[in-house]
file coords-v3.cif (mmCIF, N, CA and C atoms)
data_upload
#
loop_
_atom_site.label_atom_id
_atom_site.label_comp_id
_atom_site.auth_asym_id
_atom_site.auth_seq_id
_atom_site.Cartn_x
_atom_site.Cartn_y
_atom_site.Cartn_z
N MET F 220 -37.61 21.53 115.21
CA MET F 220 -38.83 21.71 114.44
C MET F 220 -38.43 21.99 112.99
N ALA F 221 -38.92 21.18 112.05
CA ALA F 221 -38.60 21.39 110.64
C ALA F 221 -39.47 22.49 110.07
N GLY F 222 -38.93 23.24 109.15
CA GLY F 222 -39.72 24.29 108.53
C GLY F 222 -38.82 25.29 107.84
N ARG F 223 -39.43 26.33 107.36
CA ARG F 223 -38.71 27.35 106.62
C ARG F 223 -38.62 28.59 107.50
N ALA F 224 -37.42 29.15 107.57
CA ALA F 224 -37.23 30.35 108.37
C ALA F 224 -37.75 31.57 107.62
N VAL F 225 -38.39 32.48 108.34
CA VAL F 225 -38.83 33.73 107.75
C VAL F 225 -38.39 34.86 108.64
N SER F 226 -38.28 36.03 108.05
CA SER F 226 -37.84 37.16 108.85
C SER F 226 -39.03 37.79 109.56
N ALA F 227 -38.77 38.35 110.70
CA ALA F 227 -39.81 39.00 111.49
C ALA F 227 -39.69 40.51 111.32
N PRO F 228 -40.80 41.24 111.21
CA PRO F 228 -40.72 42.69 111.06
C PRO F 228 -40.19 43.35 112.32
N ARG F 229 -39.38 44.37 112.15
CA ARG F 229 -38.86 45.15 113.27
C ARG F 229 -39.04 46.62 112.94
N LYS F 230 -39.12 47.42 113.97
CA LYS F 230 -39.23 48.87 113.78
C LYS F 230 -37.87 49.41 113.36
N GLY F 231 -37.87 50.24 112.34
CA GLY F 231 -36.65 50.88 111.87
C GLY F 231 -36.68 52.36 112.16
N LEU F 232 -35.95 53.13 111.40
CA LEU F 232 -35.91 54.57 111.55
C LEU F 232 -37.28 55.17 111.30
N HIS F 233 -37.63 56.18 112.04
CA HIS F 233 -38.88 56.92 111.89
C HIS F 233 -40.11 56.03 112.02
N GLY F 234 -40.02 54.95 112.79
CA GLY F 234 -41.17 54.10 113.06
C GLY F 234 -41.59 53.20 111.90
N ARG F 235 -40.83 53.18 110.81
CA ARG F 235 -41.18 52.31 109.68
C ARG F 235 -40.81 50.87 110.00
N VAL F 236 -41.56 49.96 109.43
CA VAL F 236 -41.29 48.55 109.66
C VAL F 236 -40.29 48.08 108.62
N ARG F 237 -39.27 47.37 109.08
CA ARG F 237 -38.32 46.77 108.15
C ARG F 237 -38.15 45.30 108.54
N MET F 238 -37.66 44.51 107.63
CA MET F 238 -37.53 43.08 107.88
C MET F 238 -36.22 42.79 108.60
N ALA F 239 -36.26 41.85 109.52
CA ALA F 239 -35.06 41.47 110.25
C ALA F 239 -34.08 40.78 109.31
N ARG F 240 -32.82 41.00 109.54
CA ARG F 240 -31.80 40.37 108.70
C ARG F 240 -31.53 38.93 109.13
N ASN F 241 -31.75 38.63 110.38
CA ASN F 241 -31.53 37.29 110.87
C ASN F 241 -32.77 36.45 110.58
N LEU F 242 -32.65 35.52 109.62
CA LEU F 242 -33.80 34.73 109.18
C LEU F 242 -34.10 33.54 110.09
N SER F 243 -33.31 33.33 111.12
CA SER F 243 -33.53 32.17 111.97
C SER F 243 -34.44 32.46 113.16
N LYS F 244 -35.00 33.65 113.25
CA LYS F 244 -35.84 34.04 114.38
C LYS F 244 -37.16 33.28 114.41
N THR F 245 -37.89 33.28 113.30
CA THR F 245 -39.21 32.68 113.26
C THR F 245 -39.19 31.51 112.28
N VAL F 246 -39.81 30.41 112.65
CA VAL F 246 -39.84 29.24 111.78
C VAL F 246 -41.29 28.85 111.53
N ILE F 247 -41.62 28.64 110.27
CA ILE F 247 -42.95 28.13 109.92
C ILE F 247 -42.89 26.61 110.01
N PRO F 248 -43.73 26.01 110.83
CA PRO F 248 -43.71 24.55 110.95
C PRO F 248 -44.00 23.88 109.61
N SER F 249 -43.34 22.77 109.37
CA SER F 249 -43.49 22.09 108.08
C SER F 249 -44.93 21.65 107.83
N ASP F 250 -45.71 21.42 108.89
CA ASP F 250 -47.10 21.01 108.68
C ASP F 250 -47.99 22.16 108.21
N LEU F 251 -47.49 23.40 108.24
CA LEU F 251 -48.25 24.53 107.74
C LEU F 251 -47.88 24.91 106.31
N MET F 252 -46.79 24.37 105.80
CA MET F 252 -46.38 24.66 104.43
C MET F 252 -47.22 23.84 103.46
N ILE F 253 -47.52 24.43 102.31
CA ILE F 253 -48.31 23.74 101.29
C ILE F 253 -47.43 22.72 100.59
N ARG F 254 -47.92 21.51 100.48
CA ARG F 254 -47.16 20.44 99.83
C ARG F 254 -47.45 20.43 98.34
N GLU F 255 -46.47 19.95 97.58
CA GLU F 255 -46.61 19.90 96.13
C GLU F 255 -47.83 19.08 95.70
N THR F 256 -48.10 17.98 96.39
CA THR F 256 -49.24 17.14 96.02
C THR F 256 -50.56 17.89 96.17
N GLU F 257 -50.63 18.80 97.15
CA GLU F 257 -51.86 19.59 97.33
C GLU F 257 -52.03 20.58 96.19
N ILE F 258 -50.93 21.15 95.72
CA ILE F 258 -50.98 22.09 94.59
C ILE F 258 -51.39 21.33 93.33
N VAL F 259 -50.81 20.15 93.12
CA VAL F 259 -51.16 19.32 91.94
C VAL F 259 -52.65 19.01 91.94
N LYS F 260 -53.17 18.61 93.10
CA LYS F 260 -54.59 18.26 93.20
C LYS F 260 -55.47 19.47 92.87
N ALA F 261 -55.13 20.63 93.40
CA ALA F 261 -55.91 21.84 93.14
C ALA F 261 -55.88 22.22 91.66
N ILE F 262 -54.72 22.11 91.04
CA ILE F 262 -54.61 22.45 89.61
C ILE F 262 -55.40 21.46 88.77
N CYS F 263 -55.35 20.17 89.10
CA CYS F 263 -56.13 19.17 88.36
C CYS F 263 -57.62 19.44 88.49
N GLU F 264 -58.07 19.81 89.68
CA GLU F 264 -59.48 20.15 89.87
C GLU F 264 -59.87 21.36 89.02
N TYR F 265 -59.00 22.36 88.98
CA TYR F 265 -59.25 23.55 88.17
C TYR F 265 -59.34 23.21 86.68
N LEU F 266 -58.39 22.40 86.20
CA LEU F 266 -58.41 22.00 84.79
C LEU F 266 -59.67 21.21 84.45
N THR F 267 -60.11 20.36 85.38
CA THR F 267 -61.35 19.61 85.18
C THR F 267 -62.54 20.55 85.05
N LEU F 268 -62.61 21.54 85.95
CA LEU F 268 -63.71 22.52 85.90
C LEU F 268 -63.70 23.31 84.60
N ARG F 269 -62.52 23.56 84.05
CA ARG F 269 -62.39 24.30 82.79
C ARG F 269 -62.59 23.40 81.57
N GLY F 270 -62.76 22.11 81.79
CA GLY F 270 -62.99 21.18 80.69
C GLY F 270 -61.73 20.88 79.89
N ILE F 271 -60.57 21.01 80.51
CA ILE F 271 -59.30 20.75 79.82
C ILE F 271 -58.89 19.30 80.10
N PHE F 272 -58.69 18.55 79.02
CA PHE F 272 -58.28 17.15 79.12
C PHE F 272 -56.85 17.11 79.67
N HIS F 273 -56.66 16.37 80.77
CA HIS F 273 -55.35 16.33 81.41
C HIS F 273 -55.22 15.05 82.23
N TRP F 274 -53.99 14.75 82.66
CA TRP F 274 -53.75 13.64 83.55
C TRP F 274 -52.48 13.89 84.35
N ARG F 275 -52.44 13.28 85.50
CA ARG F 275 -51.29 13.36 86.41
C ARG F 275 -50.26 12.34 85.96
N VAL F 276 -49.01 12.75 85.90
CA VAL F 276 -47.94 11.85 85.47
C VAL F 276 -47.08 11.51 86.68
N ASN F 277 -46.94 10.23 86.92
CA ASN F 277 -46.05 9.77 87.99
C ASN F 277 -44.81 9.16 87.36
N THR F 278 -43.67 9.49 87.90
CA THR F 278 -42.43 8.89 87.44
C THR F 278 -41.67 8.37 88.66
N GLY F 279 -40.84 7.40 88.43
CA GLY F 279 -40.04 6.89 89.53
C GLY F 279 -39.58 5.47 89.29
N ARG F 280 -39.27 4.79 90.37
CA ARG F 280 -38.73 3.45 90.31
C ARG F 280 -39.12 2.72 91.58
N PHE F 281 -39.39 1.43 91.46
CA PHE F 281 -39.65 0.63 92.65
C PHE F 281 -39.06 -0.75 92.46
N LYS F 282 -38.86 -1.45 93.56
CA LYS F 282 -38.29 -2.79 93.53
C LYS F 282 -39.38 -3.80 93.87
N LEU F 283 -39.32 -4.95 93.23
CA LEU F 283 -40.26 -6.02 93.53
C LEU F 283 -39.57 -7.36 93.36
N ASP F 284 -40.13 -8.36 93.99
CA ASP F 284 -39.62 -9.73 93.87
C ASP F 284 -40.40 -10.44 92.79
N TYR F 285 -39.68 -11.08 91.87
CA TYR F 285 -40.32 -11.82 90.79
C TYR F 285 -39.56 -13.13 90.61
N LYS F 286 -40.24 -14.24 90.84
CA LYS F 286 -39.65 -15.58 90.72
C LYS F 286 -38.37 -15.69 91.54
N GLY F 287 -38.43 -15.16 92.76
CA GLY F 287 -37.30 -15.28 93.67
C GLY F 287 -36.18 -14.28 93.45
N LYS F 288 -36.31 -13.41 92.45
CA LYS F 288 -35.27 -12.43 92.18
C LYS F 288 -35.85 -11.03 92.38
N GLN F 289 -34.98 -10.16 92.86
CA GLN F 289 -35.43 -8.78 93.03
C GLN F 289 -35.21 -8.01 91.72
N ARG F 290 -36.25 -7.33 91.27
CA ARG F 290 -36.22 -6.56 90.03
C ARG F 290 -36.46 -5.09 90.34
N SER F 291 -35.88 -4.23 89.56
CA SER F 291 -36.12 -2.80 89.68
C SER F 291 -36.90 -2.36 88.43
N VAL F 292 -38.04 -1.73 88.67
CA VAL F 292 -38.91 -1.33 87.57
C VAL F 292 -39.03 0.19 87.57
N GLY F 293 -38.73 0.80 86.44
CA GLY F 293 -38.85 2.24 86.31
C GLY F 293 -40.07 2.58 85.46
N PHE F 294 -40.64 3.74 85.72
CA PHE F 294 -41.77 4.20 84.91
C PHE F 294 -41.64 5.69 84.70
N GLY F 295 -42.16 6.15 83.56
CA GLY F 295 -41.99 7.56 83.20
C GLY F 295 -40.56 7.79 82.75
N PHE F 296 -40.19 9.06 82.61
CA PHE F 296 -38.80 9.38 82.33
C PHE F 296 -38.43 10.68 83.03
N PRO F 297 -37.15 10.86 83.31
CA PRO F 297 -36.73 12.03 84.08
C PRO F 297 -37.12 13.35 83.41
N GLY F 298 -37.68 14.25 84.20
CA GLY F 298 -37.99 15.58 83.71
C GLY F 298 -39.40 15.80 83.23
N VAL F 299 -40.17 14.74 83.01
CA VAL F 299 -41.53 14.92 82.52
C VAL F 299 -42.34 15.71 83.54
N ALA F 300 -43.23 16.56 83.04
CA ALA F 300 -44.02 17.44 83.91
C ALA F 300 -45.00 16.65 84.77
N ASP F 301 -45.43 17.27 85.87
CA ASP F 301 -46.36 16.62 86.80
C ASP F 301 -47.75 16.44 86.21
N ILE F 302 -48.17 17.38 85.37
CA ILE F 302 -49.50 17.32 84.74
C ILE F 302 -49.33 17.54 83.25
N ILE F 303 -49.93 16.67 82.47
CA ILE F 303 -49.90 16.75 81.01
C ILE F 303 -51.34 16.90 80.53
N GLY F 304 -51.54 17.65 79.48
CA GLY F 304 -52.88 17.81 78.96
C GLY F 304 -52.90 18.30 77.54
N ILE F 305 -54.11 18.43 77.02
CA ILE F 305 -54.32 18.96 75.68
C ILE F 305 -55.39 20.03 75.79
N VAL F 306 -55.01 21.25 75.45
CA VAL F 306 -55.94 22.37 75.49
C VAL F 306 -56.80 22.31 74.24
N ARG F 307 -58.02 22.84 74.32
CA ARG F 307 -58.90 22.86 73.15
C ARG F 307 -58.16 23.41 71.95
N GLY F 308 -58.32 22.78 70.83
CA GLY F 308 -57.60 23.17 69.64
C GLY F 308 -56.37 22.29 69.40
N GLY F 309 -56.04 21.44 70.38
CA GLY F 309 -54.96 20.48 70.20
C GLY F 309 -53.60 20.90 70.71
N THR F 310 -53.51 22.00 71.43
CA THR F 310 -52.22 22.45 71.95
C THR F 310 -51.82 21.62 73.16
N PHE F 311 -50.59 21.13 73.14
CA PHE F 311 -50.06 20.31 74.23
C PHE F 311 -49.81 21.19 75.45
N LEU F 312 -50.15 20.70 76.62
CA LEU F 312 -49.98 21.43 77.87
C LEU F 312 -49.12 20.61 78.83
N ALA F 313 -48.12 21.25 79.42
CA ALA F 313 -47.28 20.62 80.44
C ALA F 313 -47.19 21.57 81.63
N VAL F 314 -47.53 21.07 82.82
CA VAL F 314 -47.48 21.87 84.04
C VAL F 314 -46.54 21.19 85.02
N GLU F 315 -45.44 21.84 85.33
CA GLU F 315 -44.51 21.36 86.36
C GLU F 315 -44.85 22.09 87.64
N VAL F 316 -45.19 21.36 88.68
CA VAL F 316 -45.62 21.96 89.94
C VAL F 316 -44.45 21.97 90.92
N LYS F 317 -44.26 23.13 91.54
CA LYS F 317 -43.22 23.30 92.54
C LYS F 317 -43.79 24.07 93.73
N THR F 318 -43.24 23.82 94.90
CA THR F 318 -43.59 24.63 96.06
C THR F 318 -42.89 25.98 95.92
N ALA F 319 -43.14 26.87 96.84
CA ALA F 319 -42.52 28.19 96.79
C ALA F 319 -41.00 28.11 96.81
N GLN F 320 -40.46 27.09 97.47
CA GLN F 320 -39.00 26.94 97.56
C GLN F 320 -38.44 25.98 96.52
N GLY F 321 -39.30 25.28 95.79
CA GLY F 321 -38.85 24.25 94.86
C GLY F 321 -38.10 24.81 93.67
N LYS F 322 -37.14 24.05 93.18
CA LYS F 322 -36.34 24.45 92.02
C LYS F 322 -36.44 23.38 90.93
N LEU F 323 -36.43 23.82 89.68
CA LEU F 323 -36.46 22.89 88.56
C LEU F 323 -35.13 22.17 88.43
N SER F 324 -35.19 20.89 88.11
CA SER F 324 -33.97 20.14 87.79
C SER F 324 -33.60 20.44 86.34
N PHE F 325 -32.41 20.04 85.95
CA PHE F 325 -31.97 20.22 84.57
C PHE F 325 -32.93 19.51 83.61
N ASP F 326 -33.31 18.27 83.95
CA ASP F 326 -34.21 17.49 83.09
C ASP F 326 -35.59 18.14 82.98
N GLN F 327 -36.10 18.68 84.08
CA GLN F 327 -37.41 19.35 84.05
C GLN F 327 -37.36 20.59 83.17
N ARG F 328 -36.31 21.37 83.30
CA ARG F 328 -36.16 22.57 82.47
C ARG F 328 -36.06 22.19 80.99
N ALA F 329 -35.31 21.15 80.69
CA ALA F 329 -35.16 20.70 79.30
C ALA F 329 -36.50 20.22 78.73
N PHE F 330 -37.29 19.51 79.53
CA PHE F 330 -38.59 19.03 79.08
C PHE F 330 -39.50 20.21 78.75
N LEU F 331 -39.59 21.19 79.66
CA LEU F 331 -40.45 22.35 79.44
C LEU F 331 -39.98 23.16 78.22
N ASP F 332 -38.68 23.29 78.05
CA ASP F 332 -38.14 23.99 76.87
C ASP F 332 -38.53 23.26 75.58
N ALA F 333 -38.46 21.94 75.60
CA ALA F 333 -38.83 21.15 74.41
C ALA F 333 -40.30 21.36 74.06
N ILE F 334 -41.16 21.42 75.07
CA ILE F 334 -42.59 21.64 74.82
C ILE F 334 -42.79 23.01 74.19
N ARG F 335 -42.18 24.04 74.76
CA ARG F 335 -42.30 25.40 74.23
C ARG F 335 -41.76 25.49 72.80
N ASN F 336 -40.61 24.88 72.56
CA ASN F 336 -39.97 24.93 71.24
C ASN F 336 -40.78 24.23 70.15
N ASN F 337 -41.72 23.38 70.58
CA ASN F 337 -42.56 22.65 69.63
C ASN F 337 -44.00 23.15 69.62
N GLY F 338 -44.21 24.37 70.11
CA GLY F 338 -45.52 25.00 70.01
C GLY F 338 -46.48 24.71 71.14
N GLY F 339 -46.03 24.05 72.19
CA GLY F 339 -46.90 23.73 73.31
C GLY F 339 -46.85 24.80 74.39
N ILE F 340 -47.67 24.60 75.41
CA ILE F 340 -47.71 25.48 76.56
C ILE F 340 -47.03 24.77 77.70
N ALA F 341 -45.98 25.38 78.27
CA ALA F 341 -45.24 24.80 79.38
C ALA F 341 -45.22 25.80 80.53
N ILE F 342 -45.70 25.37 81.69
CA ILE F 342 -45.86 26.26 82.83
C ILE F 342 -45.19 25.66 84.07
N VAL F 343 -44.55 26.53 84.85
CA VAL F 343 -44.12 26.15 86.19
C VAL F 343 -45.12 26.80 87.13
N ALA F 344 -45.86 25.98 87.87
CA ALA F 344 -46.92 26.49 88.75
C ALA F 344 -46.52 26.28 90.21
N ARG F 345 -46.57 27.35 90.97
CA ARG F 345 -46.29 27.29 92.40
C ARG F 345 -47.58 27.41 93.22
N SER F 346 -48.67 27.73 92.51
CA SER F 346 -50.00 27.79 93.12
C SER F 346 -51.03 27.68 91.99
N ILE F 347 -52.28 27.61 92.35
CA ILE F 347 -53.34 27.53 91.34
C ILE F 347 -53.43 28.83 90.55
N ASP F 348 -52.95 29.92 91.12
CA ASP F 348 -53.00 31.22 90.42
C ASP F 348 -52.08 31.27 89.21
N ASP F 349 -51.04 30.45 89.20
CA ASP F 349 -50.10 30.45 88.08
C ASP F 349 -50.74 29.83 86.84
#
call {"tool": "encode", "arguments": {"input": "coords-v3.cif", "output": "structure tokens"}}
result
Amino acid sequence: MAGRAVSAPRKGLHGRVRMARNLSKTVIPSDLMIRETEIVKAICEYLTLRGIFHWRVNTGRFKLDYKGKQRSVGFGFPGVADIIGIVRGGTFLAVEVKTAQGKLSFDQRAFLDAIRNNGGIAIVARSIDD
């Protein structure tokens, strides 16, 4: 079963609850974990409700056949945030969405730093609360 291991509470000294040291006891099924795409969708809905101009950015590469030859087409660039927008007043907004376990790549960190260094707002969001 795929998923993330979590510790289970155990009784410690004086009846207090403490966390088990062995993290392999309980597993959260992968179908119960929140996916990044669900977080992106929720944040986009929130930004829409707030009237903030934004769009979802997709990056990647795909292969296609063109005139009998296989071509590789790339779009976007490495590190660009998942959501880009402009806050009222003209401030640039970049939101990089990660799950609770997700980590920023070097390119993602560099992109967010560049936004901050140029007066924009750069956020790493793990939930809509961020």
call {"tool": "atom_distance", "arguments": {"input": "coords-v3.cif", "atom1": "atom N of Gly338 in chain F", "atom2": "CA of Ala300 in chain F"}}
result
15.4 Å
call {"tool": "resolve_selection", "arguments": {"input": "coords-v3.cif", "expression": "the PyMOL selection byres ((chain F and resi 342) around 8)", "output": "list of chain:residue names"}}
result
F:Leu312, F:Ala313, F:Val314, F:Glu315, F:Val316, F:Lys317, F:Leu331, F:Arg335, F:Gly339, F:Ile340, F:Ala341, F:Val343, F:Ala344, F:Arg345, F:Asp349
call {"tool": "write_last_selection", "arguments": {"input": "coords-v3.cif", "atoms": "N, CA and C atoms", "output": "mmCIF file, in the frame of the given file"}}
result
data_model
loop_
_atom_site.group_PDB
_atom_site.id
_atom_site.type_symbol
_atom_site.label_atom_id
_atom_site.label_comp_id
_atom_site.auth_asym_id
_atom_site.auth_seq_id
_atom_site.Cartn_x
_atom_site.Cartn_y
_atom_site.Cartn_z
ATOM 1 N N LEU F 312 -50.150 20.700 76.620
ATOM 2 C CA LEU F 312 -49.980 21.430 77.870
ATOM 3 C C LEU F 312 -49.120 20.610 78.830
ATOM 4 N N ALA F 313 -48.120 21.250 79.420
ATOM 5 C CA ALA F 313 -47.280 20.620 80.440
ATOM 6 C C ALA F 313 -47.190 21.570 81.630
ATOM 7 N N VAL F 314 -47.530 21.070 82.820
ATOM 8 C CA VAL F 314 -47.480 21.870 84.040
ATOM 9 C C VAL F 314 -46.540 21.190 85.020
ATOM 10 N N GLU F 315 -45.440 21.840 85.330
ATOM 11 C CA GLU F 315 -44.510 21.360 86.360
ATOM 12 C C GLU F 315 -44.850 22.090 87.640
ATOM 13 N N VAL F 316 -45.190 21.360 88.680
ATOM 14 C CA VAL F 316 -45.620 21.960 89.940
ATOM 15 C C VAL F 316 -44.450 21.970 90.920
ATOM 16 N N LYS F 317 -44.260 23.130 91.540
ATOM 17 C CA LYS F 317 -43.220 23.300 92.540
ATOM 18 C C LYS F 317 -43.790 24.070 93.730
ATOM 19 N N LEU F 331 -39.590 21.190 79.660
ATOM 20 C CA LEU F 331 -40.450 22.350 79.440
ATOM 21 C C LEU F 331 -39.980 23.160 78.220
ATOM 22 N N ARG F 335 -42.180 24.040 74.760
ATOM 23 C CA ARG F 335 -42.300 25.400 74.230
ATOM 24 C C ARG F 335 -41.760 25.490 72.800
ATOM 25 N N GLY F 339 -46.030 24.050 72.190
ATOM 26 C CA GLY F 339 -46.900 23.730 73.310
ATOM 27 C C GLY F 339 -46.850 24.800 74.390
ATOM 28 N N ILE F 340 -47.670 24.600 75.410
ATOM 29 C CA ILE F 340 -47.710 25.480 76.560
ATOM 30 C C ILE F 340 -47.030 24.770 77.700
ATOM 31 N N ALA F 341 -45.980 25.380 78.270
ATOM 32 C CA ALA F 341 -45.240 24.800 79.380
ATOM 33 C C ALA F 341 -45.220 25.800 80.530
ATOM 34 N N VAL F 343 -44.550 26.530 84.850
ATOM 35 C CA VAL F 343 -44.120 26.150 86.190
ATOM 36 C C VAL F 343 -45.120 26.800 87.130
ATOM 37 N N ALA F 344 -45.860 25.980 87.870
ATOM 38 C CA ALA F 344 -46.920 26.490 88.750
ATOM 39 C C ALA F 344 -46.520 26.280 90.210
ATOM 40 N N ARG F 345 -46.570 27.350 90.970
ATOM 41 C CA ARG F 345 -46.290 27.290 92.400
ATOM 42 C C ARG F 345 -47.580 27.410 93.220
ATOM 43 N N ASP F 349 -51.040 30.450 89.200
ATOM 44 C CA ASP F 349 -50.100 30.450 88.080
ATOM 45 C C ASP F 349 -50.740 29.830 86.840
#
call {"tool": "resolve_selection", "arguments": {"input": "coords-v3.cif", "expression": "the PyMOL selection byres (((chain F and resi 304 and name CA) around 8) and name CA)", "output": "ChimeraX atom specification"}}
result
/F:271-274,302-303,305-306,311-313
call {"tool": "write_last_selection", "arguments": {"input": "coords-v3.cif", "atoms": "N, CA and C atoms", "output": "mmCIF file, keeping the file's coordinate frame"}}
result
data_model
loop_
_atom_site.group_PDB
_atom_site.id
_atom_site.type_symbol
_atom_site.label_atom_id
_atom_site.label_comp_id
_atom_site.auth_asym_id
_atom_site.auth_seq_id
_atom_site.Cartn_x
_atom_site.Cartn_y
_atom_site.Cartn_z
ATOM 1 N N ILE F 271 -60.570 21.010 80.510
ATOM 2 C CA ILE F 271 -59.300 20.750 79.820
ATOM 3 C C ILE F 271 -58.890 19.300 80.100
ATOM 4 N N PHE F 272 -58.690 18.550 79.020
ATOM 5 C CA PHE F 272 -58.280 17.150 79.120
ATOM 6 C C PHE F 272 -56.850 17.110 79.670
ATOM 7 N N HIS F 273 -56.660 16.370 80.770
ATOM 8 C CA HIS F 273 -55.350 16.330 81.410
ATOM 9 C C HIS F 273 -55.220 15.050 82.230
ATOM 10 N N TRP F 274 -53.990 14.750 82.660
ATOM 11 C CA TRP F 274 -53.750 13.640 83.550
ATOM 12 C C TRP F 274 -52.480 13.890 84.350
ATOM 13 N N ILE F 302 -48.170 17.380 85.370
ATOM 14 C CA ILE F 302 -49.500 17.320 84.740
ATOM 15 C C ILE F 302 -49.330 17.540 83.250
ATOM 16 N N ILE F 303 -49.930 16.670 82.470
ATOM 17 C CA ILE F 303 -49.900 16.750 81.010
ATOM 18 C C ILE F 303 -51.340 16.900 80.530
ATOM 19 N N ILE F 305 -54.110 18.430 77.020
ATOM 20 C CA ILE F 305 -54.320 18.960 75.680
ATOM 21 C C ILE F 305 -55.390 20.030 75.790
ATOM 22 N N VAL F 306 -55.010 21.250 75.450
ATOM 23 C CA VAL F 306 -55.940 22.370 75.490
ATOM 24 C C VAL F 306 -56.800 22.310 74.240
ATOM 25 N N PHE F 311 -50.590 21.130 73.140
ATOM 26 C CA PHE F 311 -50.060 20.310 74.230
ATOM 27 C C PHE F 311 -49.810 21.190 75.450
ATOM 28 N N LEU F 312 -50.150 20.700 76.620
ATOM 29 C CA LEU F 312 -49.980 21.430 77.870
ATOM 30 C C LEU F 312 -49.120 20.610 78.830
ATOM 31 N N ALA F 313 -48.120 21.250 79.420
ATOM 32 C CA ALA F 313 -47.280 20.620 80.440
ATOM 33 C C ALA F 313 -47.190 21.570 81.630
#
call {"tool": "residues_around", "arguments": {"input": "coords-v3.cif", "residues": "Arg280 in chain F", "least_positions_apart": "4", "cutoff": "8 Å", "atoms": "only C-alpha atoms", "output": "compact mmCIF listing (two decimals) with N, CA and C atoms, in the coordinates of the input"}}
result
# COMPACT_ATOMS: atom_id res chain seq x y z
N SER F 291 -35.88 -4.23 89.56
CA SER F 291 -36.12 -2.80 89.68
C SER F 291 -36.90 -2.36 88.43
N VAL F 292 -38.04 -1.73 88.67
CA VAL F 292 -38.91 -1.33 87.57
C VAL F 292 -39.03 0.19 87.57
N GLY F 293 -38.73 0.80 86.44
CA GLY F 293 -38.85 2.24 86.31
C GLY F 293 -40.07 2.58 85.46
N PHE F 294 -40.64 3.74 85.72
CA PHE F 294 -41.77 4.20 84.91
C PHE F 294 -41.64 5.69 84.70
call {"tool": "atom_distance", "arguments": {"input": "coords-v3.cif", "atom1": "atom C of Val299 in chain F", "atom2": "CA of Asp348 in chain F"}}
result
20.0 Å
call {"tool": "build_atoms", "arguments": {"input": "coords-v3.cif", "residues": "range 291-295 of chain F", "atoms": "all heavy atoms", "output": "PDB file, in the coordinates of the input"}}
result
ATOM      1  N   SER F 291     -35.880  -4.230  89.560  1.00  0.00           N
ATOM      2  CA  SER F 291     -36.120  -2.800  89.680  1.00  0.00           C
ATOM      3  C   SER F 291     -36.900  -2.360  88.430  1.00  0.00           C
ATOM      4  O   SER F 291     -36.479  -2.611  87.309  1.00  0.00           O
ATOM      5  CB  SER F 291     -34.783  -2.043  89.745  1.00  0.00           C
ATOM      6  OG  SER F 291     -34.995  -0.666  89.825  1.00  0.00           O
ATOM      7  N   VAL F 292     -38.040  -1.730  88.670  1.00  0.00           N
ATOM      8  CA  VAL F 292     -38.910  -1.330  87.570  1.00  0.00           C
ATOM      9  C   VAL F 292     -39.030   0.190  87.570  1.00  0.00           C
ATOM     10  O   VAL F 292     -39.380   0.790  88.582  1.00  0.00           O
ATOM     11  CB  VAL F 292     -40.320  -1.967  87.710  1.00  0.00           C
ATOM     12  CG1 VAL F 292     -41.236  -1.505  86.589  1.00  0.00           C
ATOM     13  CG2 VAL F 292     -40.213  -3.475  87.756  1.00  0.00           C
ATOM     14  N   GLY F 293     -38.730   0.800  86.440  1.00  0.00           N
ATOM     15  CA  GLY F 293     -38.850   2.240  86.310  1.00  0.00           C
ATOM     16  C   GLY F 293     -40.070   2.580  85.460  1.00  0.00           C
ATOM     17  O   GLY F 293     -40.496   1.803  84.613  1.00  0.00           O
ATOM     18  N   PHE F 294     -40.640   3.740  85.720  1.00  0.00           N
ATOM     19  CA  PHE F 294     -41.770   4.200  84.910  1.00  0.00           C
ATOM     20  C   PHE F 294     -41.640   5.690  84.700  1.00  0.00           C
ATOM     21  O   PHE F 294     -41.091   6.406  85.528  1.00  0.00           O
ATOM     22  CB  PHE F 294     -43.111   3.822  85.547  1.00  0.00           C
ATOM     23  CG  PHE F 294     -43.240   4.195  86.992  1.00  0.00           C
ATOM     24  CD1 PHE F 294     -43.875   5.376  87.357  1.00  0.00           C
ATOM     25  CD2 PHE F 294     -42.725   3.385  87.985  1.00  0.00           C
ATOM     26  CE1 PHE F 294     -43.996   5.725  88.689  1.00  0.00           C
ATOM     27  CE2 PHE F 294     -42.848   3.721  89.323  1.00  0.00           C
ATOM     28  CZ  PHE F 294     -43.480   4.906  89.670  1.00  0.00           C
ATOM     29  N   GLY F 295     -42.160   6.150  83.560  1.00  0.00           N
ATOM     30  CA  GLY F 295     -41.990   7.560  83.200  1.00  0.00           C
ATOM     31  C   GLY F 295     -40.560   7.790  82.750  1.00  0.00           C
ATOM     32  O   GLY F 295     -39.792   6.858  82.521  1.00  0.00           O
TER      33      GLY F 295
END
